[in-house]
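J.: The structure that follows is given in the form of structure tokens.
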Amino acid sequence: MKYLNPVAVLEEMNGAVVDATDTAAVSLLRKKMMAELELSTDKVLQIKGERWSKNDLLNFFDQLQDSTTLYFHQEINKDPVLSRFLRTGSITGLFIETALYKDKAFLSFIAPFYEPLFTYEVLSSLQRQRIKPLQYLFTNPVLLDGESMKRSYDKIFRFLKQQYRLIEGHKEGLKIHGRDKQTAVGNWISITQIELWNVLPEAFHMERSEYGILLINLALVLYEQGDAGKALTLLANVQQLKSVAYVQENAVRYITYIKEGGGGAPKFRREPTTAFGKLLAKWGLTRERLIQIGTTVFTVLVIMIGSQFEKKEGPRQFAAAENNVFSSSRTYWTMEYLLSQLSVNLYAPKEGVEKHPVLKSLTTGEDVYGPAFMEALSHQGRVGESFVQPLFDHSKPPVPEDSAWRDVRHSHHLLVFNRQKSGLIVLVQTPDSFYSRFVSPQDSAFMPLPLLLSKVFFYVGDLWNPDWEGYKHMDYVPDYTVKGLFMQPARDHDLFLRNSTLQFLLDPNYWKTSDRYIPVEITVSSEERLVLRLLSGNTNGIQLKVGE
């Protein structure tokens, strides 16, 4: 949602400073602007780079009647740093000091404008390793209400989890292959990355400590591979990390261990979290030793600690769930990669991007991701060969079809109506194939479904850029990087992508003779959120699941 300060607009209209609370002055300016509009050839005025119709002007002046909202705009206009950030997405310093920035009503008002810009700048700074903007953002008051902060921080958590997995995969590769491919993760384990982590607020303290534990484990693997120099550098970096004391103590411990030439670095152990665990550490006992002697108390302790770690990491990662019928399919990992890139897409500030030379208009029906996705499938080896599709009815044999199958005699389709102002890309996944379709605003498109199993996702945004790439390549197929993304977010697109998934299991016998389709619409609720609606209650021959 783009922010436009009416106080600045009034000054632009007037050609000088104007008091927005002066009813007479504002009324006179209104009459002047309406007269200029009527005299214009196309009945449109250019104000601050925007085209204003008569209806736009009337709505604008009506909004000035709300004294509370007008006061908020006036205070924002007094803060040049905040005003610039809301206008351009660029943070250049500190906001003015005012109690207003902690006011709940003000935070609810400004959050819809502030959150997309804030989230983009945080993610962009983390990816491009720019410390100064990140410092400004978290030194300044974070102008988000509770819901917006959760939405923003969830995106940041997911991005950091992607980095974590990249480093973890590098560590496991070293252990298995004995080769150091540090160039792939060099930026994410550097001292600059440590400094970026240190800027993040208290909400990220636990993740920061987990990151420190991972770096220590990586240092120990490097040492085992004979590279004591890199191991010591990494441990020295960990010493600069604002983490729990236990991480710091172990960084010092292993620095001493390596310098003294210890034989084979031991596996890093997590800090005991219970009094019993700390007592065991004092006695010099290890988890492995206690498992060997088989004490019942220790078994219970392991279960408790394991469940705590699982709960902590579970909500912030997308893992193959046991009840996910696609989890062993050929398309599972490629689809998870694509979804991760669309969810954490680093959006560009809107100012100026409309003139970007590579922007293009898509037409309804274009397949923007299908060819590259299917090419990646052909390079990921034997993944998914053992997948068995679930049957709609165990007494009926499955019919082998894929999502590219079409037959004009049968209408087993999803009809998608895009009834909102942003572009929509529908992603259709089957166990063995994939395709996508773009749907223009206020348009519709048929999506052919297979006779058995398929999943449908909805990706929404504005300003399509065919050259905009995902922030990382696919782990299983390093040559595959998502190309073609929206440069501007559309409301809660990331939550909508996951929560509005449709999973279809169709009865092949019923759909072989059916001549109907399943209509759905994508629209916007009164709370300005994306909404998916099924427009037909006829579910004959369908098992349908909504959401991941």
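Chain identifiers are assigned as A, B, and so on, following the order in which chains appear in the structure tokens; residues are numbered from 1 within each chain, and ligands are numbered from 1 in order of appearance.
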Would you list the contacts of Ser125 in chain A as a list in words, taking every protein, DNA or RNA residue within 7 Å and counting only C-alpha atoms, but skipping same-chain residues closer than 6 positions in sequence?

T.: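 Answer for this query is Ile131, Pro133 and Leu134 of chain A.
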
J.: Those residues you just picked out, can you put them in a file as a tab-separated table (two decimals), in the first residue's frame with N, CA and C atoms?

T.:
```tsv
chain	number	residue	atom	x	y	z
A	131	ILE	N	25.06	-3.03	6.64
A	131	ILE	CA	24.86	-2.90	8.08
A	131	ILE	C	24.14	-1.61	8.45
A	133	PRO	N	21.83	0.51	7.01
A	133	PRO	CA	20.35	0.58	6.98
A	133	PRO	C	19.70	-0.27	8.06
A	134	LEU	N	20.29	-1.44	8.32
A	134	LEU	CA	19.74	-2.32	9.35
A	134	LEU	C	19.83	-1.66	10.72
```

J.: Report as a VMD selection string all protein, DNA and RNA residues lying within 12 Å of Leu342 in chain A, evaluated on only C-alpha atoms, omitting residues in the same chain fewer than 5 positions from it.

T.: chain A and resid 155 158 to 159 335 to 337 347 369 425 427 457 to 461 468 to 472 481 to 489 493 to 498

J.: Could the residues in this selection be saved with N, CA and C atoms as a tab-separated table (two decimals), in the first residue's frame?

T.:
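Printed below is result-v2.tsv as written:
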```
chain	number	residue	atom	x	y	z
A	155	LYS	N	8.61	-13.37	8.04
A	155	LYS	CA	9.35	-13.35	6.77
A	155	LYS	C	10.86	-13.32	7.04
A	158	ARG	N	12.03	-16.72	8.22
A	158	ARG	CA	12.14	-17.68	7.12
A	158	ARG	C	13.40	-17.45	6.31
A	159	PHE	N	13.73	-16.18	6.09
A	159	PHE	CA	14.95	-15.87	5.35
A	159	PHE	C	16.19	-16.36	6.10
A	335	MET	N	9.03	-27.96	-5.88
A	335	MET	CA	7.91	-27.10	-5.50
A	335	MET	C	8.21	-26.36	-4.21
A	336	GLU	N	8.81	-27.03	-3.23
A	336	GLU	CA	9.15	-26.36	-1.98
A	336	GLU	C	10.16	-25.23	-2.22
A	337	TYR	N	11.10	-25.47	-3.12
A	337	TYR	CA	12.06	-24.42	-3.45
A	337	TYR	C	11.34	-23.22	-4.09
A	347	TYR	N	11.32	-7.52	-2.40
A	347	TYR	CA	10.63	-6.58	-3.27
A	347	TYR	C	11.38	-5.26	-3.38
A	369	TYR	N	6.39	-20.19	-15.12
A	369	TYR	CA	7.35	-21.01	-14.37
A	369	TYR	C	7.46	-22.45	-14.86
A	425	ILE	N	-0.74	-15.43	-10.37
A	425	ILE	CA	-0.17	-16.59	-11.04
A	425	ILE	C	-0.65	-17.84	-10.30
A	427	LEU	N	-0.39	-21.79	-9.72
A	427	LEU	CA	0.61	-22.84	-9.84
A	427	LEU	C	-0.08	-24.19	-9.62
A	457	PHE	N	-1.68	-23.55	-6.06
A	457	PHE	CA	-1.22	-22.43	-5.24
A	457	PHE	C	-1.51	-21.12	-5.98
A	458	PHE	N	-1.62	-20.02	-5.22
A	458	PHE	CA	-1.94	-18.72	-5.80
A	458	PHE	C	-0.90	-17.69	-5.36
A	459	TYR	N	-0.17	-17.12	-6.33
A	459	TYR	CA	0.89	-16.14	-6.08
A	459	TYR	C	0.42	-14.79	-6.62
A	460	VAL	N	0.34	-13.76	-5.75
A	460	VAL	CA	-0.25	-12.48	-6.11
A	460	VAL	C	0.78	-11.36	-5.96
A	461	GLY	N	0.78	-10.41	-6.90
A	461	GLY	CA	1.70	-9.29	-6.80
A	461	GLY	C	1.52	-8.30	-7.95
A	468	TRP	N	13.87	-10.66	-12.80
A	468	TRP	CA	14.07	-10.65	-11.34
A	468	TRP	C	14.25	-12.09	-10.86
A	469	GLU	N	15.32	-12.39	-10.13
A	469	GLU	CA	15.63	-13.76	-9.73
A	469	GLU	C	15.46	-13.99	-8.24
A	470	GLY	N	15.24	-15.25	-7.87
A	470	GLY	CA	15.21	-15.62	-6.47
A	470	GLY	C	16.56	-15.40	-5.82
A	471	TYR	N	16.58	-15.35	-4.49
A	471	TYR	CA	17.81	-14.99	-3.80
A	471	TYR	C	18.78	-16.16	-3.65
A	472	LYS	N	18.38	-17.38	-4.01
A	472	LYS	CA	19.31	-18.51	-3.96
A	472	LYS	C	18.87	-19.54	-4.98
A	481	THR	N	17.49	-21.50	-10.72
A	481	THR	CA	17.15	-20.34	-9.89
A	481	THR	C	15.88	-19.73	-10.45
A	482	VAL	N	14.91	-19.50	-9.59
A	482	VAL	CA	13.64	-18.94	-10.03
A	482	VAL	C	13.89	-17.61	-10.74
A	483	LYS	N	13.33	-17.46	-11.91
A	483	LYS	CA	13.47	-16.23	-12.68
A	483	LYS	C	12.10	-15.73	-13.09
A	484	GLY	N	11.84	-14.45	-12.79
A	484	GLY	CA	10.54	-13.87	-13.05
A	484	GLY	C	9.75	-13.77	-11.76
A	485	LEU	N	9.66	-12.54	-11.20
A	485	LEU	CA	8.96	-12.32	-9.94
A	485	LEU	C	8.22	-10.99	-9.99
A	486	PHE	N	7.25	-10.83	-9.10
A	486	PHE	CA	6.62	-9.53	-8.94
A	486	PHE	C	7.55	-8.63	-8.12
A	487	MET	N	7.66	-7.37	-8.53
A	487	MET	CA	8.54	-6.43	-7.84
A	487	MET	C	7.85	-5.72	-6.68
A	488	GLN	N	6.53	-5.90	-6.55
A	488	GLN	CA	5.79	-5.28	-5.46
A	488	GLN	C	4.86	-6.31	-4.83
A	489	PRO	N	4.79	-6.36	-3.49
A	489	PRO	CA	3.89	-7.30	-2.82
A	489	PRO	C	2.44	-6.86	-2.93
A	493	HIS	N	0.28	-11.54	0.62
A	493	HIS	CA	0.48	-12.54	-0.42
A	493	HIS	C	1.20	-13.77	0.08
A	494	ASP	N	2.15	-13.60	1.03
A	494	ASP	CA	2.96	-14.73	1.48
A	494	ASP	C	2.14	-15.73	2.29
A	495	LEU	N	1.28	-15.22	3.19
A	495	LEU	CA	0.40	-16.11	3.94
A	495	LEU	C	-0.64	-16.74	3.02
A	496	PHE	N	-1.12	-15.96	2.09
A	496	PHE	CA	-2.13	-16.45	1.15
A	496	PHE	C	-1.57	-17.60	0.30
A	497	LEU	N	-0.29	-17.50	-0.07
A	497	LEU	CA	0.35	-18.52	-0.90
A	497	LEU	C	0.27	-19.89	-0.24
A	498	ARG	N	0.48	-19.94	1.06
A	498	ARG	CA	0.48	-21.22	1.78
A	498	ARG	C	-0.90	-21.61	2.31
```

J.: Quick check, in Å to one decimal: how far apart do CA of Tyr257 in chain A and CA of Tyr164 in chain A lie?

T.: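 Computing it gives 25.4 Å between the two atoms.
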
J.: Closest to Glu168 in chain A among A:Pro201, A:Gly93, A:Pro141, A:Gly212, using only C-alpha atoms?

T.: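 Answer, going by the shortest atom-to-atom distance: A:Gly212.
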
J.: Calculated over only C-alpha atoms, which of the candidates A:Asn59, A:Thr523, A:Ser53, A:Gln503 has the smallest distance to Asn418 in chain A?

T.: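 That would be A:Thr523, the residue with the smallest distance to Asn418 in chain A.
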